[in-house]
Structure formats: structure tokens, C-alpha cells
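So this block is final_24.cif, mmCIF, C-alpha atoms and all ligand atoms:
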data_input
loop_
_atom_site.label_atom_id
_atom_site.label_comp_id
_atom_site.auth_asym_id
_atom_site.auth_seq_id
_atom_site.Cartn_x
_atom_site.Cartn_y
_atom_site.Cartn_z
CA MET A 1 0.00 0.00 0.00
CA LYS A 2 1.10 3.62 -0.56
CA ILE A 3 1.02 5.42 2.76
CA LEU A 4 1.56 9.10 3.41
CA VAL A 5 3.01 9.68 6.88
CA THR A 6 2.79 13.30 8.05
CA GLY A 7 5.28 14.05 10.81
CA GLY A 8 7.24 10.93 9.87
CA ALA A 9 10.52 12.50 11.03
CA GLY A 10 9.23 12.97 14.58
CA TYR A 11 9.69 10.66 17.54
CA ILE A 12 6.60 8.48 17.12
CA GLY A 13 6.22 8.98 13.36
CA SER A 14 9.76 7.81 12.59
CA HIS A 15 9.25 4.63 14.64
CA ALA A 16 6.02 3.94 12.75
CA VAL A 17 7.81 4.51 9.42
CA LYS A 18 10.50 2.02 10.44
CA GLU A 19 7.81 -0.66 10.84
CA LEU A 20 5.71 0.38 7.84
CA VAL A 21 8.54 0.23 5.27
CA LYS A 22 8.86 -3.51 5.96
CA GLU A 23 5.54 -4.06 4.14
CA HIS A 24 4.50 -0.84 2.41
CA GLU A 25 5.59 2.07 0.25
CA VAL A 26 5.96 5.05 2.55
CA ILE A 27 6.08 8.76 1.72
CA VAL A 28 7.05 10.98 4.64
CA TYR A 29 5.91 14.61 4.69
CA ASP A 30 7.50 16.67 7.47
CA ASN A 31 8.47 20.34 7.77
CA LEU A 32 11.43 19.41 10.04
CA GLU A 33 10.49 22.10 12.55
CA LEU A 34 10.64 19.43 15.25
CA GLY A 35 11.55 16.31 13.29
CA ASN A 36 14.96 14.87 12.47
CA LYS A 37 15.50 13.97 8.83
CA GLU A 38 18.13 11.38 9.74
CA PHE A 39 15.43 9.46 11.66
CA VAL A 40 13.47 8.72 8.48
CA ASP A 41 14.14 5.19 7.26
CA GLU A 42 16.02 5.26 3.98
CA LYS A 43 13.43 2.99 2.35
CA ALA A 44 10.86 5.80 2.67
CA ILE A 45 10.57 8.75 0.29
CA PHE A 46 11.10 11.99 2.19
CA ILE A 47 9.44 15.27 1.19
CA GLN A 48 10.02 18.38 3.26
CA GLY A 49 6.89 20.46 3.48
CA ASP A 50 4.27 22.07 5.64
CA LEU A 51 0.64 21.05 5.96
CA SER A 52 -0.36 24.65 5.26
CA ASP A 53 1.07 24.23 1.74
CA THR A 54 -2.02 22.86 0.02
CA LYS A 55 -0.44 23.08 -3.44
CA LYS A 56 2.52 20.93 -2.44
CA LEU A 57 0.26 18.46 -0.69
CA ASN A 58 -1.99 18.16 -3.74
CA GLU A 59 0.98 17.54 -6.02
CA LEU A 60 2.26 14.88 -3.63
CA PHE A 61 -1.09 13.06 -3.60
CA GLU A 62 -1.32 13.18 -7.40
CA GLU A 63 2.25 12.08 -8.01
CA HIS A 64 2.42 9.27 -5.46
CA LYS A 65 -1.15 7.94 -5.71
CA ILE A 66 -1.53 7.86 -1.94
CA GLU A 67 -3.99 5.25 -0.61
CA ILE A 68 -4.01 5.98 3.11
CA VAL A 69 -2.70 8.67 5.46
CA MET A 70 -1.13 8.39 8.91
CA HIS A 71 -1.28 11.81 10.50
CA PHE A 72 1.35 12.42 13.22
CA ALA A 73 2.21 16.06 12.42
CA ASN A 74 0.78 17.77 15.49
CA TYR A 75 2.20 19.91 18.26
CA ALA A 76 2.08 17.88 21.46
CA LEU A 77 3.22 19.78 24.54
CA VAL A 78 0.64 20.41 27.22
CA GLY A 79 2.56 23.29 28.88
CA GLU A 80 3.18 25.10 25.61
CA SER A 81 -0.44 24.63 24.57
CA PHE A 82 -1.45 26.72 27.59
CA GLU A 83 0.80 29.60 26.65
CA ASN A 84 0.08 29.48 22.94
CA PRO A 85 -3.31 27.97 22.10
CA SER A 86 -3.40 29.66 18.70
CA LYS A 87 -0.30 27.71 17.65
CA TYR A 88 -2.06 24.48 18.64
CA PHE A 89 -5.37 25.26 16.94
CA GLU A 90 -3.62 26.59 13.83
CA ASN A 91 -1.52 23.49 13.25
CA ASN A 92 -3.47 20.69 14.86
CA LEU A 93 -6.81 21.86 13.46
CA VAL A 94 -6.48 24.29 10.53
CA ASN A 95 -3.56 22.44 8.94
CA GLY A 96 -5.31 19.16 9.70
CA PHE A 97 -8.41 20.35 7.79
CA ASN A 98 -6.14 21.20 4.85
CA LEU A 99 -4.88 17.66 4.84
CA LEU A 100 -8.40 16.20 5.01
CA ASP A 101 -9.61 18.38 2.17
CA VAL A 102 -6.69 17.37 -0.04
CA MET A 103 -7.48 13.74 0.80
CA ILE A 104 -11.14 14.16 -0.21
CA LYS A 105 -10.12 15.92 -3.43
CA ASN A 106 -7.83 13.00 -4.28
CA ASN A 107 -10.35 10.30 -3.30
CA VAL A 108 -8.27 9.02 -0.39
CA ASN A 109 -10.74 7.68 2.16
CA LYS A 110 -8.65 6.25 5.01
CA ILE A 111 -6.71 8.00 7.77
CA ILE A 112 -5.09 6.94 11.04
CA PHE A 113 -4.84 9.86 13.41
CA SER A 114 -2.51 10.33 16.40
CA SER A 115 -4.89 11.33 19.14
CA SER A 116 -4.17 11.48 22.85
CA CYS A 117 -5.46 10.58 26.29
CA ALA A 118 -5.52 14.38 26.78
CA VAL A 119 -9.03 14.24 25.25
CA TYR A 120 -10.33 12.89 28.57
CA GLY A 121 -9.16 15.81 30.75
CA ILE A 122 -9.30 14.81 34.42
CA PRO A 123 -10.83 11.35 34.27
CA LYS A 124 -13.64 10.41 36.63
CA GLU A 125 -12.94 6.70 36.38
CA ILE A 126 -9.69 4.76 36.12
CA PRO A 127 -8.85 2.81 34.01
CA ILE A 128 -10.25 5.01 31.28
CA ILE A 129 -12.49 3.45 28.66
CA GLU A 130 -13.11 5.06 25.29
CA LYS A 131 -16.71 5.90 26.24
CA HIS A 132 -15.50 8.09 29.11
CA THR A 133 -16.66 11.70 28.74
CA LEU A 134 -14.31 13.83 26.66
CA ASN A 135 -13.52 16.97 28.60
CA PRO A 136 -10.02 18.24 27.77
CA ILE A 137 -8.40 20.76 30.11
CA ASN A 138 -5.80 22.20 27.75
CA SER A 139 -5.81 23.43 24.16
CA TYR A 140 -3.68 20.46 23.09
CA GLY A 141 -6.32 17.96 24.25
CA GLU A 142 -9.07 20.21 22.88
CA SER A 143 -7.44 20.20 19.43
CA LYS A 144 -7.25 16.39 19.46
CA MET A 145 -10.87 16.03 20.56
CA VAL A 146 -12.17 18.46 17.94
CA PHE A 147 -10.17 16.75 15.20
CA GLU A 148 -11.60 13.37 16.17
CA ARG A 149 -15.09 14.87 16.00
CA VAL A 150 -14.34 16.45 12.62
CA LEU A 151 -13.29 13.01 11.38
CA ARG A 152 -16.72 11.66 12.31
CA TYR A 153 -18.44 14.43 10.34
CA TYR A 154 -16.16 13.74 7.38
CA ASP A 155 -17.17 10.10 7.54
CA THR A 156 -20.87 11.00 7.36
CA ALA A 157 -20.40 13.61 4.65
CA TYR A 158 -17.55 12.24 2.53
CA ASN A 159 -17.27 8.59 3.55
CA LEU A 160 -13.81 9.18 5.02
CA LYS A 161 -12.97 6.32 7.40
CA SER A 162 -10.60 6.86 10.29
CA ILE A 163 -9.02 5.31 13.33
CA SER A 164 -7.96 7.70 16.07
CA LEU A 165 -5.36 6.22 18.39
CA ARG A 166 -5.41 7.87 21.80
CA TYR A 167 -1.85 7.40 22.98
CA PHE A 168 -1.06 7.45 26.66
CA ASN A 169 2.60 8.26 27.64
CA VAL A 170 5.02 7.13 24.97
CA ALA A 171 8.56 6.08 25.96
CA GLY A 172 11.54 4.00 24.81
CA ALA A 173 13.57 3.83 21.62
CA SER A 174 14.03 1.49 18.67
CA LEU A 175 15.40 -1.95 19.53
CA ASP A 176 18.47 -1.51 17.30
CA ASN A 177 19.13 1.83 19.03
CA SER A 178 19.05 3.70 15.70
CA ILE A 179 16.26 6.15 16.59
CA GLY A 180 14.75 7.48 19.79
CA GLU A 181 13.45 10.55 21.54
CA LYS A 182 15.31 13.74 20.66
CA HIS A 183 13.54 17.02 21.26
CA LYS A 184 15.15 20.44 21.11
CA ASP A 185 13.55 21.59 24.36
CA GLU A 186 12.85 18.41 26.26
CA THR A 187 9.86 18.51 28.61
CA HIS A 188 9.09 14.79 29.08
CA LEU A 189 9.74 12.93 32.28
CA ILE A 190 11.88 9.93 31.26
CA PRO A 191 14.29 11.77 28.90
CA ILE A 192 14.83 14.47 31.53
CA VAL A 193 15.52 11.92 34.28
CA LEU A 194 18.01 10.17 31.97
CA ASP A 195 19.69 13.52 31.28
CA VAL A 196 20.17 13.87 35.04
CA ALA A 197 21.70 10.37 35.10
CA LEU A 198 24.08 11.54 32.38
CA ASN A 199 24.99 14.68 34.36
CA LYS A 200 23.50 16.87 31.64
CA ARG A 201 21.12 18.35 34.20
CA ASP A 202 21.49 18.82 37.94
CA ASN A 203 18.13 17.44 38.99
CA ILE A 204 14.64 16.41 38.02
CA LYS A 205 11.88 18.73 39.22
CA ILE A 206 8.83 16.82 40.34
CA PHE A 207 5.78 18.87 39.45
CA GLY A 208 3.71 18.46 42.59
CA GLU A 209 3.77 15.83 45.34
CA ASP A 210 0.41 16.46 46.95
CA TYR A 211 -1.85 14.88 44.37
CA ASP A 212 -4.44 12.44 45.63
CA THR A 213 -2.40 9.41 44.53
CA LYS A 214 -0.52 6.66 46.40
CA ASP A 215 2.70 8.70 46.79
CA GLY A 216 1.36 12.16 45.97
CA THR A 217 2.87 12.34 42.47
CA CYS A 218 1.02 11.97 39.17
CA ILE A 219 0.40 8.52 37.74
CA ARG A 220 0.84 7.76 34.04
CA ASP A 221 0.48 4.75 31.75
CA PHE A 222 3.69 4.36 29.73
CA VAL A 223 3.72 2.50 26.45
CA HIS A 224 6.75 1.60 24.34
CA VAL A 225 7.17 3.58 21.12
CA VAL A 226 7.75 0.33 19.18
CA ASP A 227 4.44 -1.02 20.52
CA ILE A 228 2.80 2.23 19.38
CA ALA A 229 4.40 1.84 15.95
CA LYS A 230 3.03 -1.70 15.70
CA ALA A 231 -0.41 -0.47 16.78
CA HIS A 232 -0.40 1.61 13.59
CA LEU A 233 0.24 -1.43 11.43
CA ASP A 234 -2.56 -3.29 13.20
CA ALA A 235 -4.90 -0.31 12.83
CA LEU A 236 -4.03 -0.06 9.13
CA ASN A 237 -4.97 -3.69 8.51
CA TYR A 238 -8.09 -3.41 10.61
CA LEU A 239 -9.30 -0.25 8.89
CA GLY A 240 -8.77 -1.83 5.47
CA LYS A 241 -10.98 -4.76 6.44
CA ASN A 242 -13.65 -3.05 8.52
CA MET A 243 -13.92 0.47 7.08
CA GLN A 244 -15.42 1.98 10.22
CA THR A 245 -14.52 5.19 12.01
CA LYS A 246 -13.31 4.36 15.52
CA SER A 247 -11.25 5.68 18.44
CA TYR A 248 -9.03 3.51 20.63
CA ASN A 249 -6.89 3.85 23.73
CA ILE A 250 -3.28 2.77 23.31
CA GLY A 251 -1.74 2.09 26.68
CA THR A 252 -0.75 -0.92 28.76
CA GLY A 253 -3.27 -0.45 31.57
CA GLN A 254 -0.43 -0.20 34.15
CA GLY A 255 0.05 3.07 36.03
CA TYR A 256 3.38 4.29 37.46
CA SER A 257 3.86 7.37 39.59
CA VAL A 258 6.48 10.00 38.77
CA LYS A 259 8.44 8.89 41.86
CA GLU A 260 8.24 5.23 40.80
CA VAL A 261 9.54 6.10 37.35
CA ILE A 262 12.46 8.01 38.87
CA ASP A 263 13.25 5.04 41.13
CA LEU A 264 13.20 2.66 38.17
CA CYS A 265 15.56 5.00 36.32
CA ARG A 266 17.90 4.91 39.34
CA GLN A 267 17.87 1.10 39.32
CA ILE A 268 18.40 0.78 35.57
CA THR A 269 21.06 3.46 35.14
CA LYS A 270 22.73 2.75 38.51
CA LYS A 271 23.22 6.53 38.83
CA GLU A 272 22.23 9.01 41.46
CA ILE A 273 19.31 11.15 40.44
CA ASN A 274 18.70 14.31 42.41
CA VAL A 275 15.12 15.36 42.86
CA VAL A 276 13.66 18.79 43.60
CA ILE A 277 10.00 19.21 44.46
CA ASP A 278 8.47 21.95 42.38
CA LYS A 279 4.96 23.37 42.03
CA LYS A 280 2.28 21.60 40.02
CA ARG A 281 2.36 22.06 36.27
CA GLU A 282 -0.83 23.56 34.91
CA GLY A 283 -2.99 21.09 33.00
CA ASP A 284 -1.59 17.87 34.50
CA PRO A 285 -4.33 15.38 35.45
CA PRO A 286 -3.38 13.39 38.60
CA MET A 287 -3.90 9.99 37.01
CA LEU A 288 -4.09 8.75 33.43
CA VAL A 289 -4.30 4.99 32.98
CA ALA A 290 -5.83 3.35 29.93
CA ASP A 291 -8.21 0.50 29.61
CA PRO A 292 -6.77 -0.82 26.33
CA LYS A 293 -9.18 -3.77 26.12
CA ARG A 294 -11.16 -2.48 23.16
CA PHE A 295 -8.11 -2.17 20.89
CA LYS A 296 -6.72 -5.49 22.06
CA GLU A 297 -9.96 -7.38 21.50
CA GLU A 298 -11.14 -5.75 18.29
CA VAL A 299 -7.84 -5.16 16.53
CA GLY A 300 -5.67 -7.86 18.11
CA TRP A 301 -2.82 -5.64 19.31
CA LYS A 302 -0.81 -6.50 22.40
CA GLU A 303 2.11 -4.66 23.92
CA GLN A 304 5.46 -6.48 24.03
CA PHE A 305 7.41 -4.24 26.38
CA ASN A 306 7.10 -3.25 30.03
CA ILE A 307 8.24 -0.08 31.77
CA ASN A 308 11.69 -1.52 32.62
CA GLU A 309 12.33 -2.26 28.96
CA MET A 310 11.11 1.19 27.95
CA ILE A 311 13.58 2.79 30.34
CA GLU A 312 16.40 0.41 29.34
CA HIS A 313 15.92 1.18 25.63
CA ALA A 314 15.62 4.91 26.30
CA TRP A 315 18.79 4.70 28.43
CA ASN A 316 20.72 2.96 25.60
CA TRP A 317 19.59 5.71 23.25
CA HIS A 318 20.40 8.60 25.59
CA GLN A 319 23.89 7.28 26.22
CA LYS A 320 24.42 7.04 22.48
CA ILE A 321 23.34 10.62 21.68
CA ASN A 322 25.05 12.11 24.72
N1 LIG B 401 6.92 15.59 35.13
C1 LIG B 401 7.67 16.05 36.20
N2 LIG B 401 8.84 16.72 35.93
C2 LIG B 401 9.28 16.94 34.65
C3 LIG B 401 8.51 16.44 33.58
C4 LIG B 401 7.33 15.77 33.85
O1 LIG B 401 7.29 15.89 37.36
O2 LIG B 401 10.33 17.57 34.48
C5 LIG B 401 5.65 14.86 35.39
C6 LIG B 401 4.44 15.58 34.83
O3 LIG B 401 3.94 16.49 35.78
C7 LIG B 401 3.49 14.41 34.56
C8 LIG B 401 4.43 13.24 34.25
O4 LIG B 401 5.72 13.61 34.74
O5 LIG B 401 2.78 14.11 35.73
C9 LIG B 401 4.54 12.96 32.77
O6 LIG B 401 4.82 14.17 32.10
P1 LIG B 401 5.32 14.23 30.61
O7 LIG B 401 5.57 15.67 30.27
O8 LIG B 401 6.42 13.26 30.40
O9 LIG B 401 4.07 13.67 29.76
P2 LIG B 401 2.54 14.16 29.72
O10 LIG B 401 1.83 13.31 30.76
O11 LIG B 401 2.48 15.62 29.97
O12 LIG B 401 2.11 13.79 28.33
#
If you convert what's in this file into C-alpha cells, what do you get?
Ligand code: UDP
Amino acid sequence: MKILVTGGAGYIGSHAVKELVKEHEVIVYDNLELGNKEFVDEKAIFIQGDLSDTKKLNELFEEHKIEIVMHFANYALVGESFENPSKYFENNLVNGFNLLDVMIKNNVNKIIFSSSCAVYGIPKEIPIIEKHTLNPINSYGESKMVFERVLRYYDTAYNLKSISLRYFNVAGASLDNSIGEKHKDETHLIPIVLDVALNKRDNIKIFGEDYDTKDGTCIRDFVHVVDIAKAHLDALNYLGKNMQTKSYNIGTGQGYSVKEVIDLCRQITKKEINVVIDKKREGDPPMLVADPKRFKEEVGWKEQFNINEMIEHAWNWHQKIN
């Protein structure tokens, strides 16, 4: 199949491309604002471009006869989305609509969208099922929720079929240690803790330790980036067979607190990791743990890696790029 992967030079997109090229023809479209060109598998065709460039997108669809789109090219930082909602709505929504309209024009009727557990806001029930109320508390989550809803309207109106994958917290690196997480301004927990282990930072600031959780720090459901990549292959096959618009949680169903993650990093790296307690970060729900049953049962996905392996693989990668 000919697959267009937007954001295929980013952390999650590049891992998906690495899996997809084993079976499919892949065209990566990425503006390289946040992506790394060297992360794109050499079996994929790389085109540098922005989703606001409708002309370029149209030409790409015509030239490459795209059959399905995987849409990763979104901004994804909760903190930043508070300070700059217009940036989030402009790219994650307006540019997303551009992409959808080019798809419709070119008779492409399948898309897999990178959604997020941020659509749930502060969940009322844990583990979170897909039917849980959607009530995002930051513009990032709002943009994901609205885009999912738009996809449903596009199904009704234009017969566009989609699968939205609501990722929980993604971690780890490729098994051959060739690609991993590399952000210009890192904000994520595990990479920052590993930077402390590498003496690139003095400490890890824990954002709040008086949450109503077992040790007072936030709880998250971490899922390996390679498992996420494989979820895209499974979703692709499933969508081809079933042609129904759906949303799924992608997590392991296991929650770990920020303090537990830091302890695991200490054990795995065998390094001291200094901790400083800081104030809560705006927009952080206390607990986000998936119920991934629907995706597992309907689509047949299962995670291969646990939190220790995620940290081990991330640690291998961080030592390499140090
Ligand atoms: N976190 C933290 N210190 C940091 C970065 C993150 O305490 O320097 C916490 C954050 O408050 C959240 C969890 O770690 O509870 C995961 O945050 P991350 O930014 O990795 O992912 P998010 O859950 O925002 O997608």
C-alpha cells in the first residue's frame, strides 16, 4: 500500500515509518520544525513540506497515488499549549483540515490519526475506557478532541474512514538503538531523568507531590514507542478490512507514579538522580491509565514491552546521543 506519513521524522512517526517500510511504500511529509531527517528510514521517500502548503500536498497526492494517510504532524506539549493555544489550533486543526480536504479531493478515504489521552481531561474513572466523557483541560487535548469529531463528520459527509489512536505516555527507543526521543527543548519525564543520570542536568523537578495518589505524584500509563508503531500497522490492517470510524486507547493499563519512574531510572542506570519538588504544572491530570481492552480485543494488538524495557531502551539511546 502507498502510505503518506505526516510528521514521519518525529519521535513516534519515525518509529512507525521504520515498521511500515517492511511491508509498504511510505512517503514521509514533514516540515522538520521538530523532526529529524536522519530518523526517516532510507526505504521511505522523504518530502520536506508544511501542511499549510495545500499546493505541495496536492501535487504529492497526485504524483504518489496515496492510498491511506497516517497523521502524526501535530504539536504535542501540554505546557506550551497553555501559553500558545493559537499555535495548537492553527496546526493541529487548521492544517489538519487542509490535509483532510486534499485527501477528499484526491479520493483518499482512510486515515489513522494520532490522538491522545488528553481528550479525557481529568478522568472520573480509572482505568479510562473510550466511552469516558471527553472533557479536555488544555488546548492540546481540545485540538485532538475536535479533530476526532471532525473526522466523524467527514465520515458522514464524505465517507472518510478513520481510526484515532489515543496514545497514553510514549517512551523507549528502537530496539536496534538507531532512533529514539530527541527534542530540542525536552519537557518529558523519562528523557529528563536520563539527562540527570548523564549529568547533563542537575536534577529532576517533580511537578507536585500532593496529588491524591498513592505517593502524591502523578500517575501515568507508559507505552513503548515500538508497541505504538506496531499499533499503527494493526490499525491499518483493521481499517482496510472493517472500514469503520473508531477511536481507541493505546496504553498498557499499568500506572506508574512519577516517583516510581524516577526510582526505576535509578535502578536501571545505577546513577544518582537528584530530585527537587516543584509546584504543580498547569494542566496535568493526577492519574491517566488506559483500559486498552477495546483495541486489544477488536484489533488484536498487544504490547510487548514493560516499563523496565522502555527505560532500558531509552537509556541505551540517551547514552548514544550524549
Ligand atoms: N513531570 C515532572 N517533571 C518533569 C517532567 C514531567 O514531574 O520535568 C511529570 C508531569 O507532571 C506528569 C508526568 O511527569 O505528571 C509525565 O509528564 P510528561 O511531560 O512526560 O508527559 P505528559 O503526561 O504531559 O504527556
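Interatomic distance, CA of Asn306 in chain A to CA of Ala173 in chain A: 12.8 Å.
Those DNA, RNA and protein residues that approach the point (-0.5, -2.9, 8.4) to within 9 Å, considering all atoms listed in the file, are Met1, Glu19, Leu20, Glu23, His24, Lys230, Ala231, His232, Leu233, Asp234, Ala235, Leu236, Asn237, Tyr238 and Gly240 of chain A.
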Just want the 10 Å neighbourhood of range 46-49 of chain A, counted on only C-alpha atoms, with same-chain residues fewer than 3 positions away dropped. Output as a list in words. Val5, Thr6, Gly7, Gly8, Ala9, Val26, Ile27, Val28, Tyr29, Asp30, Asn31, Leu32, Glu33, Lys37, Val40, Asp41, Glu42, Lys43, Ser52, Asp53, Thr54, Lys56, Leu57 and Leu60 of chain A
Size and centre in Å, one decimal, axis-aligned box, all listed range 110-118 of chain A atoms plus 5 Å per side, as JSON:
{"center_x": -5.6, "center_y": 10.3, "center_z": 15.9, "size_x": 16.1, "size_y": 18.1, "size_z": 31.8}
Given 10 Å and only C-alpha atoms and all ligand atoms, residues near ligand LIG 401 (chain B) as a PyMOL selection string: chain A and resi 76-79+116-118+167-171+186-193+203-209+211+217-222+256-259+261-262+275-288
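The two atoms in question, CA of Asn199 in chain A and CA of Ile307 in chain A, are spaced 22.5 Å apart.
Computed from the coordinates, the CA of Ile126 in chain A to CA of Gly253 in chain A distance equals 9.4 Å.
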Contact residues around Ser114 in chain A with all atoms listed in the file at 9 Å, ignoring same-chain residues under 2 positions, as a PDB file with C-alpha atoms, in the coordinates of the input:
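Final file, out.pdb:
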ATOM      1  CA  MET A  70      -1.130   8.390   8.910  1.00  0.00           C
ATOM      2  CA  HIS A  71      -1.280  11.810  10.500  1.00  0.00           C
ATOM      3  CA  PHE A  72       1.350  12.420  13.220  1.00  0.00           C
ATOM      4  CA  ALA A  73       2.210  16.060  12.420  1.00  0.00           C
ATOM      5  CA  ASN A  74       0.780  17.770  15.490  1.00  0.00           C
ATOM      6  CA  ILE A 112      -5.090   6.940  11.040  1.00  0.00           C
ATOM      7  CA  SER A 116      -4.170  11.480  22.850  1.00  0.00           C
ATOM      8  CA  LYS A 144      -7.250  16.390  19.460  1.00  0.00           C
ATOM      9  CA  ILE A 163      -9.020   5.310  13.330  1.00  0.00           C
ATOM     10  CA  SER A 164      -7.960   7.700  16.070  1.00  0.00           C
ATOM     11  CA  LEU A 165      -5.360   6.220  18.390  1.00  0.00           C
ATOM     12  CA  ARG A 166      -5.410   7.870  21.800  1.00  0.00           C
ATOM     13  CA  TYR A 167      -1.850   7.400  22.980  1.00  0.00           C
TER      14      TYR A 167
END
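For the residues A:Val119, A:Pro292, A:Asp50, A:Glu309, ranking by smallest atom-to-atom distance to Val146 in chain A using all atoms listed in the file places A:Val119 first.
Each of A:Phe295, A:Tyr88, A:Phe39, A:Phe113 was checked against Ser14 in chain A using only C-alpha atoms; the smallest atom-to-atom distance is that of A:Phe39.
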Because the input lacks atoms here, generate all heavy atoms for range 127-136 of chain A and report them as a PDB file, in the frame of the given file.
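Final file, part_33.pdb:
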ATOM      1  N   PRO A 127      -9.438   2.419  35.286  1.00  0.00           N
ATOM      2  CA  PRO A 127      -8.850   2.810  34.010  1.00  0.00           C
ATOM      3  C   PRO A 127      -9.888   3.457  33.078  1.00  0.00           C
ATOM      4  O   PRO A 127     -11.090   3.223  33.237  1.00  0.00           O
ATOM      5  CB  PRO A 127      -8.351   1.469  33.445  1.00  0.00           C
ATOM      6  CG  PRO A 127      -9.213   0.432  34.082  1.00  0.00           C
ATOM      7  CD  PRO A 127      -9.547   0.953  35.442  1.00  0.00           C
ATOM      8  N   ILE A 128      -9.373   4.217  32.142  1.00  0.00           N
ATOM      9  CA  ILE A 128     -10.250   5.010  31.280  1.00  0.00           C
ATOM     10  C   ILE A 128     -10.689   4.182  30.075  1.00  0.00           C
ATOM     11  O   ILE A 128      -9.851   3.618  29.364  1.00  0.00           O
ATOM     12  CB  ILE A 128      -9.487   6.266  30.776  1.00  0.00           C
ATOM     13  CG1 ILE A 128      -8.868   7.031  31.944  1.00  0.00           C
ATOM     14  CG2 ILE A 128     -10.404   7.163  29.969  1.00  0.00           C
ATOM     15  CD1 ILE A 128      -7.876   8.115  31.526  1.00  0.00           C
ATOM     16  N   ILE A 129     -11.997   4.118  29.874  1.00  0.00           N
ATOM     17  CA  ILE A 129     -12.490   3.450  28.660  1.00  0.00           C
ATOM     18  C   ILE A 129     -12.811   4.521  27.613  1.00  0.00           C
ATOM     19  O   ILE A 129     -12.962   5.706  27.944  1.00  0.00           O
ATOM     20  CB  ILE A 129     -13.745   2.582  28.953  1.00  0.00           C
ATOM     21  CG1 ILE A 129     -14.864   3.432  29.577  1.00  0.00           C
ATOM     22  CG2 ILE A 129     -13.405   1.400  29.860  1.00  0.00           C
ATOM     23  CD1 ILE A 129     -16.195   2.703  29.673  1.00  0.00           C
ATOM     24  N   GLU A 130     -12.914   4.093  26.380  1.00  0.00           N
ATOM     25  CA  GLU A 130     -13.110   5.060  25.290  1.00  0.00           C
ATOM     26  C   GLU A 130     -14.418   5.829  25.430  1.00  0.00           C
ATOM     27  O   GLU A 130     -14.535   6.954  24.932  1.00  0.00           O
ATOM     28  CB  GLU A 130     -13.073   4.353  23.925  1.00  0.00           C
ATOM     29  CG  GLU A 130     -11.675   3.934  23.487  1.00  0.00           C
ATOM     30  CD  GLU A 130     -11.248   2.586  24.043  1.00  0.00           C
ATOM     31  OE1 GLU A 130     -11.962   2.025  24.897  1.00  0.00           O
ATOM     32  OE2 GLU A 130     -10.171   2.096  23.632  1.00  0.00           O
ATOM     33  N   LYS A 131     -15.404   5.222  26.101  1.00  0.00           N
ATOM     34  CA  LYS A 131     -16.710   5.900  26.240  1.00  0.00           C
ATOM     35  C   LYS A 131     -16.696   6.967  27.330  1.00  0.00           C
ATOM     36  O   LYS A 131     -17.693   7.671  27.529  1.00  0.00           O
ATOM     37  CB  LYS A 131     -17.783   4.858  26.577  1.00  0.00           C
ATOM     38  CG  LYS A 131     -18.249   4.103  25.370  1.00  0.00           C
ATOM     39  CD  LYS A 131     -19.574   3.422  25.706  1.00  0.00           C
ATOM     40  CE  LYS A 131     -20.062   2.658  24.490  1.00  0.00           C
ATOM     41  NZ  LYS A 131     -20.538   1.328  24.868  1.00  0.00           N
ATOM     42  N   HIS A 132     -15.601   7.054  28.075  1.00  0.00           N
ATOM     43  CA  HIS A 132     -15.500   8.090  29.110  1.00  0.00           C
ATOM     44  C   HIS A 132     -15.751   9.458  28.483  1.00  0.00           C
ATOM     45  O   HIS A 132     -15.367   9.707  27.344  1.00  0.00           O
ATOM     46  CB  HIS A 132     -14.079   8.037  29.718  1.00  0.00           C
ATOM     47  CG  HIS A 132     -13.925   8.903  30.925  1.00  0.00           C
ATOM     48  ND1 HIS A 132     -13.858  10.275  30.844  1.00  0.00           N
ATOM     49  CD2 HIS A 132     -13.832   8.597  32.243  1.00  0.00           C
ATOM     50  CE1 HIS A 132     -13.734  10.776  32.062  1.00  0.00           C
ATOM     51  NE2 HIS A 132     -13.710   9.770  32.925  1.00  0.00           N
ATOM     52  N   THR A 133     -16.382  10.345  29.259  1.00  0.00           N
ATOM     53  CA  THR A 133     -16.660  11.700  28.740  1.00  0.00           C
ATOM     54  C   THR A 133     -15.367  12.348  28.252  1.00  0.00           C
ATOM     55  O   THR A 133     -14.323  12.226  28.899  1.00  0.00           O
ATOM     56  CB  THR A 133     -17.163  12.610  29.901  1.00  0.00           C
ATOM     57  OG1 THR A 133     -17.779  11.812  30.868  1.00  0.00           O
ATOM     58  CG2 THR A 133     -18.030  13.726  29.394  1.00  0.00           C
ATOM     59  N   LEU A 134     -15.468  13.068  27.157  1.00  0.00           N
ATOM     60  CA  LEU A 134     -14.310  13.830  26.660  1.00  0.00           C
ATOM     61  C   LEU A 134     -14.432  15.246  27.196  1.00  0.00           C
ATOM     62  O   LEU A 134     -15.420  15.934  26.949  1.00  0.00           O
ATOM     63  CB  LEU A 134     -14.278  13.835  25.131  1.00  0.00           C
ATOM     64  CG  LEU A 134     -14.310  12.468  24.453  1.00  0.00           C
ATOM     65  CD1 LEU A 134     -14.110  12.615  22.948  1.00  0.00           C
ATOM     66  CD2 LEU A 134     -13.256  11.520  25.025  1.00  0.00           C
ATOM     67  N   ASN A 135     -13.436  15.656  27.970  1.00  0.00           N
ATOM     68  CA  ASN A 135     -13.520  16.970  28.600  1.00  0.00           C
ATOM     69  C   ASN A 135     -12.107  17.535  28.787  1.00  0.00           C
ATOM     70  O   ASN A 135     -11.625  17.688  29.909  1.00  0.00           O
ATOM     71  CB  ASN A 135     -14.233  16.830  29.961  1.00  0.00           C
ATOM     72  CG  ASN A 135     -14.556  18.169  30.555  1.00  0.00           C
ATOM     73  OD1 ASN A 135     -14.563  19.186  29.855  1.00  0.00           O
ATOM     74  ND2 ASN A 135     -14.802  18.192  31.856  1.00  0.00           N
ATOM     75  N   PRO A 136     -11.427  17.832  27.669  1.00  0.00           N
ATOM     76  CA  PRO A 136     -10.020  18.240  27.770  1.00  0.00           C
ATOM     77  C   PRO A 136      -9.830  19.504  28.611  1.00  0.00           C
ATOM     78  O   PRO A 136     -10.723  20.351  28.660  1.00  0.00           O
ATOM     79  CB  PRO A 136      -9.609  18.493  26.318  1.00  0.00           C
ATOM     80  CG  PRO A 136     -10.851  18.474  25.510  1.00  0.00           C
ATOM     81  CD  PRO A 136     -11.905  17.785  26.292  1.00  0.00           C
TER      82      PRO A 136
END
